[in-house]
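Visitor: Structure in structure tokens, see below.
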Amino acid sequence: MKTIGLIGGMSWESSAEYYRIINEEINKRLGGLHSAKIVLHSVDFEEIEHCQKTGDWERAGEILADCASSLERAGADFILICTNTMHKVVKQIESRVKIPVLHIADATALAIQNAKIKKVGLLGTSYTMEQDFYKQRVEENGIEVIVPEKAAREEVNTIIFNELCHGKIKSNSREYYKSVIADMVEQGAEGIVLGCTEIGLLIKTEDAPVPVFDTTYIHAIKAVEKALEVGVGRG
């Protein structure tokens, strides 16, 4: 079994989901008392969020690249960044390590392709919905990506940072997200990408009239597949 390196803490709520999903899936596949070999480097999200807000992506990239380097030294065979937004600095991270970084958008695009879907609606932070680093990576796989209108993007982003990152799950916020999803479906979205690793805490499959692609789950399962590519655990 390969060792999975996780860059977490953005937020810790979703990082805990990664840890749970990966370990549950490893045990499901291998049985017994098997669990995943994981090295976790968890950051102080306040520092990262400040970099996001001020546009200091270079500094944010340095912090996460340092994390990646420490994971490599600790024996990780590959790395996951446990957040969608910070894949904006993935090249900076990759430049500091020799081990692979499993990109969350690549894993998500593959899942969308396997579902034979050509057009999706994207929910996420404002950075993820409005900038090209994520959408373009998905679109390069022949998938059209649409996002909510501006006011809705702002509210979706506010709910992520003010509620979900604090573990607050509110029914009125779920209803708001469901209305935004309905609007994108009306615009032709055949599936919905939960493009923030916290959104899966709020929105489930039954909350949308079309398939939901939970990027946290998809990314975590891809890590399990990578960890088990060569051989299996022995204890």
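A note on labels: chains of the structure tokens are A, B, ... as shown, every chain counts residues from 1, and ligands are counted from 1 in their shown order.
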Please report, as a PyMOL selection string, each residue of range 132-198 of chain A to which DSSP assigns helix (DSSP H, G or I) when run on this structure's backbone.
Guide: chain A and resi 132-139+150-162+164-166+171-186
Visitor: Any chance you could list, as an MDAnalysis selection string, the residues in range 1-54 of chain A that come up strand (DSSP E) when DSSP is run on the backbone?
Guide: chainID A and resid 4:8 38:42
Visitor: CA of Gly8 in chain A and CA of Cys82 in chain A are how many Å apart?
Guide: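 So the answer is 5.3 Å.
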Visitor: May I ask for the distance between CA of Ala223 in chain A and CA of Gly5 in chain A, given in Å to one decimal place?
Guide: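 That distance, rounded to one decimal, is 9.4 Å.
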Visitor: Which is closer to Val180 in chain A than all the others in A:Glu58, A:Glu24, A:Glu149, A:Glu206, using only C-alpha atoms?
Guide: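 Among the listed residues, A:Glu149 lies closest to Val180 in chain A.
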Visitor: Which residues of range 119-164 of chain A have any atom within 12 Å of an atom in range 27-49 of chain A when counting only C-alpha atoms, and what is the closest pair of atoms for each, with the distance in Å to one decimal? Order the rows by chain and rising number and write it as a tab-separated table.
Guide:
residue	atom	partner	partner_atom	distance
A:Thr125	CA	A:Glu49	CA	11.4
A:Tyr127	CA	A:Glu49	CA	11.5
A:Phe161	CA	A:Glu49	CA	9.4
Visitor: Between CA of Val185 in chain A and CA of Val212 in chain A, what is the distance, to one decimal in Å?
Guide: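 For CA of Val185 in chain A relative to CA of Val212 in chain A, the distance reads 11.5 Å.
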Visitor: Calculated over only C-alpha atoms, which of the candidates A:Leu64, A:Ile203, A:Ile104, A:Ala76 has the smallest distance to Met1 in chain A?
Guide: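 Using only C-alpha atoms, the shortest distance to Met1 in chain A belongs to A:Ala76.
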Visitor: Excluding Glu225 in chain A and residues on its chain fewer than 3 positions from it, collect all residues at most 12 Å away from it, counting only C-alpha atoms, and give them as a ChimeraX atom specification.
Guide: /A:1-4,22,25-26,29-30,36,78,102,107,218-222,228-232
Visitor: Need to verify the contact set: Leu201 in chain A, 8 Å, only C-alpha atoms, exclusion of same-chain residues closer than 6 positions in sequence. Can you return it as a PyMOL selection string?
Guide: chain A and resi 14+164+169
Visitor: Please dump the current selection as a JSON list (two decimals), in the first residue's frame; keep N, CA, C and O atoms.
Guide:
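Final file, out_6.json:
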[["chain", "number", "residue", "atom", "x", "y", "z"],
["A", 14, "SER", "N", -13.54, 19.68, 6.13],
["A", 14, "SER", "CA", -13.50, 18.81, 4.94],
["A", 14, "SER", "C", -12.31, 17.86, 4.98],
["A", 14, "SER", "O", -12.38, 16.75, 4.46],
["A", 164, "LEU", "N", -20.04, 26.78, 6.51],
["A", 164, "LEU", "CA", -19.54, 25.42, 6.31],
["A", 164, "LEU", "C", -18.14, 25.22, 6.87],
["A", 164, "LEU", "O", -17.83, 24.17, 7.43],
["A", 169, "ILE", "N", -24.26, 23.73, 9.62],
["A", 169, "ILE", "CA", -25.09, 23.21, 8.54],
["A", 169, "ILE", "C", -26.51, 23.73, 8.76],
["A", 169, "ILE", "O", -27.20, 23.32, 9.71]]
